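Coordinates as given in structure.tsv (TSV, N, CA and C atoms):
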chain	number	residue	atom	x	y	z
J	99	MET	N	-22.26	11.40	-3.72
J	99	MET	CA	-21.71	10.50	-4.71
J	99	MET	C	-20.85	11.29	-5.69
J	100	SER	N	-19.62	10.88	-5.85
J	100	SER	CA	-18.69	11.57	-6.75
J	100	SER	C	-18.90	11.09	-8.17
J	101	SER	N	-18.75	12.01	-9.10
J	101	SER	CA	-18.79	11.60	-10.50
J	101	SER	C	-17.39	11.74	-11.07
J	102	ILE	N	-17.11	10.91	-12.04
J	102	ILE	CA	-15.78	10.94	-12.64
J	102	ILE	C	-15.87	11.58	-14.02
J	103	ASN	N	-14.74	12.04	-14.48
J	103	ASN	CA	-14.64	12.56	-15.83
J	103	ASN	C	-14.15	11.40	-16.70
J	104	PRO	N	-15.00	10.82	-17.54
J	104	PRO	CA	-14.60	9.66	-18.34
J	104	PRO	C	-13.57	9.99	-19.42
J	105	ASN	N	-13.34	11.27	-19.65
J	105	ASN	CA	-12.43	11.70	-20.71
J	105	ASN	C	-11.01	11.96	-20.22
J	106	ILE	N	-10.74	11.66	-18.96
J	106	ILE	CA	-9.40	11.84	-18.42
J	106	ILE	C	-8.99	10.59	-17.64
J	107	ALA	N	-7.81	10.08	-17.97
J	107	ALA	CA	-7.23	8.95	-17.25
J	107	ALA	C	-5.88	9.38	-16.70
J	108	ILE	N	-5.67	9.14	-15.43
J	108	ILE	CA	-4.38	9.38	-14.79
J	108	ILE	C	-3.69	8.02	-14.70
J	109	VAL	N	-2.53	7.90	-15.33
J	109	VAL	CA	-1.81	6.62	-15.39
J	109	VAL	C	-0.49	6.76	-14.63
J	110	GLU	N	-0.32	5.91	-13.64
J	110	GLU	CA	0.89	5.92	-12.81
J	110	GLU	C	1.60	4.58	-12.95
J	111	GLY	N	2.92	4.64	-13.12
J	111	GLY	CA	3.71	3.42	-13.23
J	111	GLY	C	4.76	3.38	-12.14
J	112	ASN	N	4.80	2.28	-11.39
J	112	ASN	CA	5.76	2.11	-10.31
J	112	ASN	C	6.51	0.80	-10.47
J	113	PRO	N	7.83	0.83	-10.21
J	113	PRO	CA	8.59	-0.42	-10.29
J	113	PRO	C	8.13	-1.41	-9.23
J	114	GLY	N	8.16	-2.67	-9.57
J	114	GLY	CA	7.83	-3.72	-8.61
J	114	GLY	C	9.08	-4.48	-8.26
J	115	VAL	N	8.96	-5.80	-8.20
J	115	VAL	CA	10.09	-6.66	-7.88
J	115	VAL	C	11.01	-6.73	-9.09
J	116	GLY	N	12.31	-6.59	-8.87
J	116	GLY	CA	13.25	-6.73	-9.97
J	116	GLY	C	14.32	-5.66	-10.04
J	117	GLY	N	14.43	-4.82	-9.03
J	117	GLY	CA	15.51	-3.85	-8.96
J	117	GLY	C	15.49	-2.81	-10.07
J	118	ASP	N	16.68	-2.50	-10.60
J	118	ASP	CA	16.80	-1.47	-11.63
J	118	ASP	C	16.02	-1.84	-12.89
J	119	GLU	N	15.98	-3.11	-13.23
J	119	GLU	CA	15.24	-3.54	-14.42
J	119	GLU	C	13.75	-3.25	-14.27
J	120	SER	N	13.21	-3.35	-13.06
J	120	SER	CA	11.80	-3.02	-12.83
J	120	SER	C	11.53	-1.54	-13.09
J	121	LYS	N	12.48	-0.72	-12.71
J	121	LYS	CA	12.33	0.72	-12.96
J	121	LYS	C	12.31	0.98	-14.47
J	122	ILE	N	13.20	0.32	-15.19
J	122	ILE	CA	13.25	0.46	-16.65
J	122	ILE	C	11.94	-0.05	-17.25
J	123	TRP	N	11.44	-1.17	-16.75
J	123	TRP	CA	10.20	-1.76	-17.25
J	123	TRP	C	9.01	-0.83	-17.04
J	124	SER	N	8.91	-0.23	-15.85
J	124	SER	CA	7.78	0.68	-15.59
J	124	SER	C	7.86	1.91	-16.50
J	125	GLU	N	9.07	2.39	-16.75
J	125	GLU	CA	9.25	3.52	-17.66
J	125	GLU	C	8.90	3.13	-19.09
J	126	ASP	N	9.27	1.90	-19.49
J	126	ASP	CA	8.92	1.40	-20.82
J	126	ASP	C	7.40	1.32	-21.00
J	127	LEU	N	6.71	0.83	-19.97
J	127	LEU	CA	5.25	0.73	-20.05
J	127	LEU	C	4.61	2.11	-20.19
J	128	LEU	N	5.03	3.06	-19.35
J	128	LEU	CA	4.47	4.42	-19.44
J	128	LEU	C	4.74	5.02	-20.81
J	129	SER	N	5.93	4.80	-21.32
J	129	SER	CA	6.28	5.30	-22.65
J	129	SER	C	5.38	4.69	-23.72
J	130	SER	N	5.09	3.41	-23.59
J	130	SER	CA	4.22	2.76	-24.58
J	130	SER	C	2.79	3.29	-24.50
J	131	TYR	N	2.29	3.54	-23.28
J	131	TYR	CA	0.95	4.13	-23.14
J	131	TYR	C	0.92	5.53	-23.74
J	132	HIS	N	1.99	6.29	-23.51
J	132	HIS	CA	2.10	7.65	-24.05
J	132	HIS	C	2.06	7.62	-25.58
J	133	LYS	N	2.85	6.74	-26.19
J	133	LYS	CA	2.90	6.64	-27.65
J	133	LYS	C	1.56	6.17	-28.22
J	134	TYR	N	0.95	5.18	-27.58
J	134	TYR	CA	-0.33	4.66	-28.04
J	134	TYR	C	-1.40	5.76	-27.98
J	135	ALA	N	-1.46	6.46	-26.85
J	135	ALA	CA	-2.47	7.51	-26.68
J	135	ALA	C	-2.28	8.62	-27.72
J	136	THR	N	-1.04	9.00	-27.95
J	136	THR	CA	-0.75	10.04	-28.94
J	136	THR	C	-1.18	9.59	-30.33
J	137	ARG	N	-0.89	8.34	-30.67
J	137	ARG	CA	-1.26	7.80	-31.97
J	137	ARG	C	-2.78	7.77	-32.16
J	138	LYS	N	-3.51	7.55	-31.07
J	138	LYS	CA	-4.97	7.49	-31.13
J	138	LYS	C	-5.62	8.88	-31.03
J	139	GLY	N	-4.80	9.93	-30.95
J	139	GLY	CA	-5.33	11.30	-30.94
J	139	GLY	C	-5.63	11.87	-29.58
J	140	PHE	N	-5.19	11.20	-28.52
J	140	PHE	CA	-5.40	11.72	-27.17
J	140	PHE	C	-4.32	12.75	-26.86
J	141	GLN	N	-4.63	13.66	-25.96
J	141	GLN	CA	-3.65	14.63	-25.48
J	141	GLN	C	-2.99	14.04	-24.24
J	142	VAL	N	-1.66	14.00	-24.21
J	142	VAL	CA	-0.93	13.40	-23.10
J	142	VAL	C	-0.06	14.46	-22.43
J	143	THR	N	-0.14	14.52	-21.10
J	143	THR	CA	0.64	15.46	-20.31
J	143	THR	C	1.40	14.70	-19.24
J	144	GLN	N	2.69	15.02	-19.10
J	144	GLN	CA	3.50	14.42	-18.03
J	144	GLN	C	3.23	15.21	-16.75
J	145	ILE	N	2.71	14.55	-15.72
J	145	ILE	CA	2.41	15.22	-14.45
J	145	ILE	C	3.61	15.12	-13.52
J	146	GLU	N	4.14	13.92	-13.39
J	146	GLU	CA	5.34	13.66	-12.60
J	146	GLU	C	6.19	12.68	-13.41
J	147	HIS	N	7.34	12.32	-12.85
J	147	HIS	CA	8.23	11.39	-13.56
J	147	HIS	C	7.52	10.10	-13.93
J	148	ASN	N	6.68	9.59	-13.04
J	148	ASN	CA	6.04	8.30	-13.27
J	148	ASN	C	4.52	8.40	-13.44
J	149	VAL	N	4.02	9.60	-13.75
J	149	VAL	CA	2.57	9.80	-13.89
J	149	VAL	C	2.28	10.61	-15.16
J	150	ILE	N	1.34	10.09	-15.96
J	150	ILE	CA	0.89	10.85	-17.12
J	150	ILE	C	-0.63	11.02	-17.05
J	151	LYS	N	-1.10	12.08	-17.69
J	151	LYS	CA	-2.53	12.36	-17.77
J	151	LYS	C	-2.91	12.24	-19.24
J	152	ILE	N	-3.90	11.40	-19.52
J	152	ILE	CA	-4.36	11.17	-20.88
J	152	ILE	C	-5.76	11.75	-20.99
J	153	LYS	N	-5.93	12.65	-21.96
J	153	LYS	CA	-7.20	13.35	-22.12
J	153	LYS	C	-7.73	13.13	-23.53
J	154	GLY	N	-8.99	12.74	-23.59
J	154	GLY	CA	-9.66	12.50	-24.87
J	154	GLY	C	-10.94	11.73	-24.63
J	155	GLU	N	-11.73	11.58	-25.66
J	155	GLU	CA	-13.02	10.94	-25.51
J	155	GLU	C	-12.88	9.50	-24.99
J	156	ASN	N	-13.51	9.25	-23.84
J	156	ASN	CA	-13.50	7.93	-23.17
J	156	ASN	C	-12.11	7.41	-22.86
J	157	ALA	N	-11.21	8.29	-22.50
J	157	ALA	CA	-9.83	7.89	-22.18
J	157	ALA	C	-9.79	6.92	-21.01
J	158	PHE	N	-10.57	7.19	-19.97
J	158	PHE	CA	-10.55	6.29	-18.81
J	158	PHE	C	-11.04	4.90	-19.19
J	159	GLU	N	-12.10	4.81	-19.96
J	159	GLU	CA	-12.62	3.51	-20.40
J	159	GLU	C	-11.59	2.75	-21.22
J	160	ARG	N	-10.83	3.47	-22.03
J	160	ARG	CA	-9.85	2.84	-22.91
J	160	ARG	C	-8.68	2.25	-22.12
J	161	PHE	N	-8.28	2.93	-21.01
J	161	PHE	CA	-7.07	2.53	-20.30
J	161	PHE	C	-7.31	1.85	-18.95
J	162	LYS	N	-8.52	1.84	-18.44
J	162	LYS	CA	-8.77	1.36	-17.07
J	162	LYS	C	-8.35	-0.09	-16.85
J	163	ASN	N	-8.41	-0.92	-17.87
J	163	ASN	CA	-8.07	-2.32	-17.70
J	163	ASN	C	-6.56	-2.59	-17.68
J	164	GLU	N	-5.77	-1.55	-17.83
J	164	GLU	CA	-4.31	-1.70	-17.72
J	164	GLU	C	-3.85	-1.72	-16.26
J	165	THR	N	-4.75	-1.38	-15.34
J	165	THR	CA	-4.42	-1.40	-13.92
J	165	THR	C	-4.01	-2.81	-13.50
J	166	GLY	N	-2.87	-2.89	-12.79
J	166	GLY	CA	-2.43	-4.19	-12.29
J	166	GLY	C	-0.93	-4.36	-12.39
J	167	VAL	N	-0.49	-5.57	-12.11
J	167	VAL	CA	0.93	-5.90	-12.16
J	167	VAL	C	1.25	-6.43	-13.55
J	168	HIS	N	2.30	-5.88	-14.13
J	168	HIS	CA	2.76	-6.31	-15.46
J	168	HIS	C	4.15	-6.93	-15.29
J	169	ARG	N	4.34	-8.10	-15.89
J	169	ARG	CA	5.59	-8.84	-15.74
J	169	ARG	C	6.30	-8.95	-17.07
J	170	VAL	N	7.62	-8.89	-17.02
J	170	VAL	CA	8.41	-9.07	-18.24
J	170	VAL	C	9.57	-10.01	-17.91
J	171	GLN	N	9.90	-10.86	-18.88
J	171	GLN	CA	11.09	-11.71	-18.78
J	171	GLN	C	11.94	-11.40	-20.00
J	172	ARG	N	13.10	-10.83	-19.74
J	172	ARG	CA	13.97	-10.43	-20.84
J	172	ARG	C	15.39	-10.28	-20.34
J	173	ILE	N	16.32	-10.16	-21.28
J	173	ILE	CA	17.70	-9.87	-20.92
J	173	ILE	C	17.80	-8.35	-20.86
J	174	PRO	N	17.93	-7.80	-19.67
J	174	PRO	CA	17.92	-6.34	-19.55
J	174	PRO	C	19.21	-5.69	-20.04
J	175	LYS	N	19.10	-4.41	-20.31
J	175	LYS	CA	20.26	-3.63	-20.73
J	175	LYS	C	21.36	-3.64	-19.67
J	176	THR	N	20.94	-3.81	-18.42
J	176	THR	CA	21.88	-3.77	-17.30
J	176	THR	C	22.59	-5.11	-17.07
J	177	GLU	N	22.22	-6.16	-17.81
J	177	GLU	CA	22.79	-7.50	-17.62
J	177	GLU	C	24.04	-7.68	-18.48
J	178	ARG	N	25.12	-8.11	-17.82
J	178	ARG	CA	26.39	-8.28	-18.53
J	178	ARG	C	26.62	-9.72	-19.01
J	179	ARG	N	25.97	-10.70	-18.37
J	179	ARG	CA	26.23	-12.10	-18.67
J	179	ARG	C	25.16	-12.74	-19.56
J	180	GLY	N	24.18	-11.97	-20.01
J	180	GLY	CA	23.17	-12.51	-20.91
J	180	GLY	C	22.07	-13.32	-20.24
J	181	ARG	N	21.90	-13.16	-18.93
J	181	ARG	CA	20.87	-13.91	-18.21
J	181	ARG	C	19.51	-13.23	-18.35
J	182	VAL	N	18.47	-14.04	-18.37
J	182	VAL	CA	17.10	-13.55	-18.43
J	182	VAL	C	16.66	-13.16	-17.02
J	183	HIS	N	16.08	-11.99	-16.88
J	183	HIS	CA	15.56	-11.52	-15.60
J	183	HIS	C	14.04	-11.39	-15.68
J	184	THR	N	13.38	-11.61	-14.56
J	184	THR	CA	11.94	-11.38	-14.46
J	184	THR	C	11.74	-10.13	-13.62
J	185	SER	N	11.01	-9.19	-14.15
J	185	SER	CA	10.75	-7.94	-13.45
J	185	SER	C	9.28	-7.61	-13.53
J	186	THR	N	8.82	-6.82	-12.57
J	186	THR	CA	7.42	-6.42	-12.56
J	186	THR	C	7.30	-4.91	-12.42
J	187	ALA	N	6.16	-4.42	-12.82
J	187	ALA	CA	5.80	-3.01	-12.63
J	187	ALA	C	4.32	-2.97	-12.30
J	188	VAL	N	3.95	-2.01	-11.48
J	188	VAL	CA	2.56	-1.83	-11.09
J	188	VAL	C	2.02	-0.60	-11.82
J	189	ILE	N	0.96	-0.80	-12.59
J	189	ILE	CA	0.32	0.29	-13.31
J	189	ILE	C	-1.02	0.56	-12.63
J	190	LEU	N	-1.27	1.82	-12.37
J	190	LEU	CA	-2.52	2.24	-11.74
J	190	LEU	C	-3.17	3.27	-12.65
J	191	VAL	N	-4.39	3.00	-13.07
J	191	VAL	CA	-5.14	3.93	-13.92
J	191	VAL	C	-6.33	4.42	-13.11
J	192	LEU	N	-6.38	5.73	-12.92
J	192	LEU	CA	-7.45	6.35	-12.13
J	192	LEU	C	-8.22	7.35	-12.97
J	193	PRO	N	-9.50	7.49	-12.69
J	193	PRO	CA	-10.26	8.55	-13.36
J	193	PRO	C	-10.01	9.87	-12.64
J	194	GLN	N	-10.30	10.96	-13.30
J	194	GLN	CA	-10.25	12.25	-12.61
J	194	GLN	C	-11.61	12.48	-12.00
J	195	ILE	N	-11.62	12.74	-10.71
J	195	ILE	CA	-12.88	13.01	-10.01
J	195	ILE	C	-13.06	14.51	-9.97
J	196	ASN	N	-14.24	14.97	-10.36
J	196	ASN	CA	-14.54	16.39	-10.33
J	196	ASN	C	-14.63	16.85	-8.88
J	197	GLN	N	-13.77	17.79	-8.50
J	197	GLN	CA	-13.67	18.21	-7.11
J	197	GLN	C	-14.98	18.78	-6.57
J	198	GLN	N	-15.74	19.47	-7.41
J	198	GLN	CA	-17.01	20.04	-6.94
J	198	GLN	C	-18.02	18.97	-6.58
J	199	ASP	N	-17.78	17.72	-7.04
J	199	ASP	CA	-18.69	16.62	-6.74
J	199	ASP	C	-18.32	15.87	-5.47
J	200	ILE	N	-17.23	16.25	-4.84
J	200	ILE	CA	-16.82	15.57	-3.61
J	200	ILE	C	-17.51	16.24	-2.42
J	201	ASN	N	-18.34	15.49	-1.77
J	201	ASN	CA	-19.05	15.99	-0.60
J	201	ASN	C	-18.82	15.04	0.57
J	202	ILE	N	-18.21	15.56	1.62
J	202	ILE	CA	-17.98	14.76	2.82
J	202	ILE	C	-18.87	15.32	3.91
J	203	GLY	N	-19.82	14.51	4.34
J	203	GLY	CA	-20.75	14.94	5.38
J	203	GLY	C	-20.13	14.83	6.76
J	204	GLN	N	-20.63	15.63	7.68
J	204	GLN	CA	-20.12	15.60	9.05
J	204	GLN	C	-20.29	14.22	9.68
J	205	GLN	N	-21.33	13.48	9.30
J	205	GLN	CA	-21.54	12.13	9.83
J	205	GLN	C	-20.47	11.15	9.35
J	206	ASP	N	-19.72	11.53	8.31
J	206	ASP	CA	-18.67	10.67	7.77
J	206	ASP	C	-17.31	10.93	8.41
J	207	ILE	N	-17.23	11.93	9.27
J	207	ILE	CA	-15.96	12.30	9.89
J	207	ILE	C	-15.93	11.86	11.34
J	208	GLU	N	-14.84	11.23	11.71
J	208	GLU	CA	-14.66	10.82	13.11
J	208	GLU	C	-13.39	11.49	13.61
J	209	TRP	N	-13.50	12.23	14.69
J	209	TRP	CA	-12.37	12.94	15.27
J	209	TRP	C	-11.86	12.16	16.48
J	210	GLN	N	-10.54	11.99	16.54
J	210	GLN	CA	-9.92	11.36	17.70
J	210	GLN	C	-8.72	12.21	18.09
J	211	PHE	N	-8.64	12.47	19.38
J	211	PHE	CA	-7.51	13.26	19.88
J	211	PHE	C	-6.76	12.44	20.90
J	212	PHE	N	-5.44	12.46	20.81
J	212	PHE	CA	-4.61	11.68	21.73
J	212	PHE	C	-3.58	12.59	22.36
Show me this structure written as structure tokens.
Amino acid sequence: MSSINPNIAIVEGNPGVGGDESKIWSEDLLSSYHKYATRKGFQVTQIEHNVIKIKGENAFERFKNETGVHRVQRIPKTERRGRVHTSTAVILVLPQINQQDINIGQQDIEWQFF
């Protein structure tokens, strides 16, 4: 049984339906999580372009419910005619699993050769 580190949350943001505006939306969401975490005293590290690591007391508990699809309806910066667009982004919040706690038994492995 793996144990998680409740003080670390890995937050990933990916564009969903909506083209370039979805990419902007996912970046806006990650930026807002970054600012919020910093304001609350958490340590934030950029792991990849679309992934941040938030470290602090009960960070995973604080952010875990953000997992899911987030939708926005707005006039994007990329819109020239003033039309409202609907865009989505997928946010995934994962705990950090302590690697020493990962145990895979031989009975859990199935080998197939073709």
Neighbouring residues of J:Trp123 were defined as those with any atom within 6.5 Å, considering all atoms listed in the file; residues of the same chain fewer than 5 positions away were excluded. Please report them as a PDB file with N, CA and C atoms, in the frame of the given file.
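Ended up saving to out_26.pdb:
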ATOM      1  N   ASP J 118      16.680  -2.500 -10.600  1.00  0.00           N
ATOM      2  CA  ASP J 118      16.800  -1.470 -11.630  1.00  0.00           C
ATOM      3  C   ASP J 118      16.020  -1.840 -12.890  1.00  0.00           C
ATOM      4  N   LEU J 128       5.030   3.060 -19.350  1.00  0.00           N
ATOM      5  CA  LEU J 128       4.470   4.420 -19.440  1.00  0.00           C
ATOM      6  C   LEU J 128       4.740   5.020 -20.810  1.00  0.00           C
ATOM      7  N   THR J 186       8.820  -6.820 -12.570  1.00  0.00           N
ATOM      8  CA  THR J 186       7.420  -6.420 -12.560  1.00  0.00           C
ATOM      9  C   THR J 186       7.300  -4.910 -12.420  1.00  0.00           C
ATOM     10  N   ALA J 187       6.160  -4.420 -12.820  1.00  0.00           N
ATOM     11  CA  ALA J 187       5.800  -3.010 -12.630  1.00  0.00           C
ATOM     12  C   ALA J 187       4.320  -2.970 -12.300  1.00  0.00           C
TER      13      ALA J 187
END
- Where in stretch 104-210 of chain J does DSSP assign helix (DSSP H, G or I), given as a PyMOL selection string? chain J and resi 117-137+157-164+197-199+204-206
- Message: Could you check the closest approach to J:Lys151 for each of J:Asn105, J:Gln171, J:Thr176, J:Ser124 and tell me which residue wins, using only C-alpha atoms?
- Response: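 With only C-alpha atoms as the atom set, the closest residue is J:Asn105.
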- Query: How many Å separate atom N of J:Ile122 from atom N of J:Gln194?
  - Reply: 25.9 Å
- If we count only C-alpha atoms, what is near stretch 183-185 of chain J at a cut-off of 12 Å, once residues fewer than 4 positions away on the same chain are taken out, given as a list in words? Asn112, Pro113, Gly114, Val115, Gly116, Gly117, Asp118, Glu119, Ser120, Lys121, Ile122, Trp123, Ser124, Val167, His168, Arg169, Val170, Gln171, Arg172, Ile173, Pro174, Lys175, Thr176, Glu177, Arg178 and Arg179 of chain J
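Remark: residues at most 12 Å from position (-20.7, 6.7, -8.6) in file coordinates are J:Met99, J:Ser100, J:Ser101, J:Ile102, J:Asn103, J:Pro104, J:Pro193, J:Ile195, J:Asn196, J:Asp199, J:Ile200, using only C-alpha atoms.
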- Provide the atom CA of J:Glu159 to atom CA of J:Gly111 distance in Å, to one decimal place.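 Between atom CA of J:Glu159 and atom CA of J:Gly111 the gap is 17.8 Å.
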- Where in stretch 122-177 of chain J does DSSP assign strand (DSSP E), given as a list in words?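 Those residues are Gln141, Val142, Thr143, Gln144, Ile145, Glu146, Val149, Ile150, Lys151, Ile152, Lys153, Gly166, Val167, His168, Arg169, Val170, Gln171 and Arg172 of chain J.
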- What is the atom C of J:Ile108 to atom CA of J:Gln198 distance in Å?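 Pair atom C of J:Ile108 / atom CA of J:Gln198 returns 19.5 Å.
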- Item | 6 Å contact set for stretch 136-150 of chain J, all atoms listed in the file, chain neighbours under 4 positions out, as a PyMOL selection string | chain J and resi 107-111+131-132+154
- Pick out the residues sitting within 8 Å of J:Lys162, and hand them over as an MDAnalysis selection string; count all atoms listed in the file, and ignore anything fewer than 2 positions along from it in its own chain. chainID J and resid 107 156:160 164:166 190:193
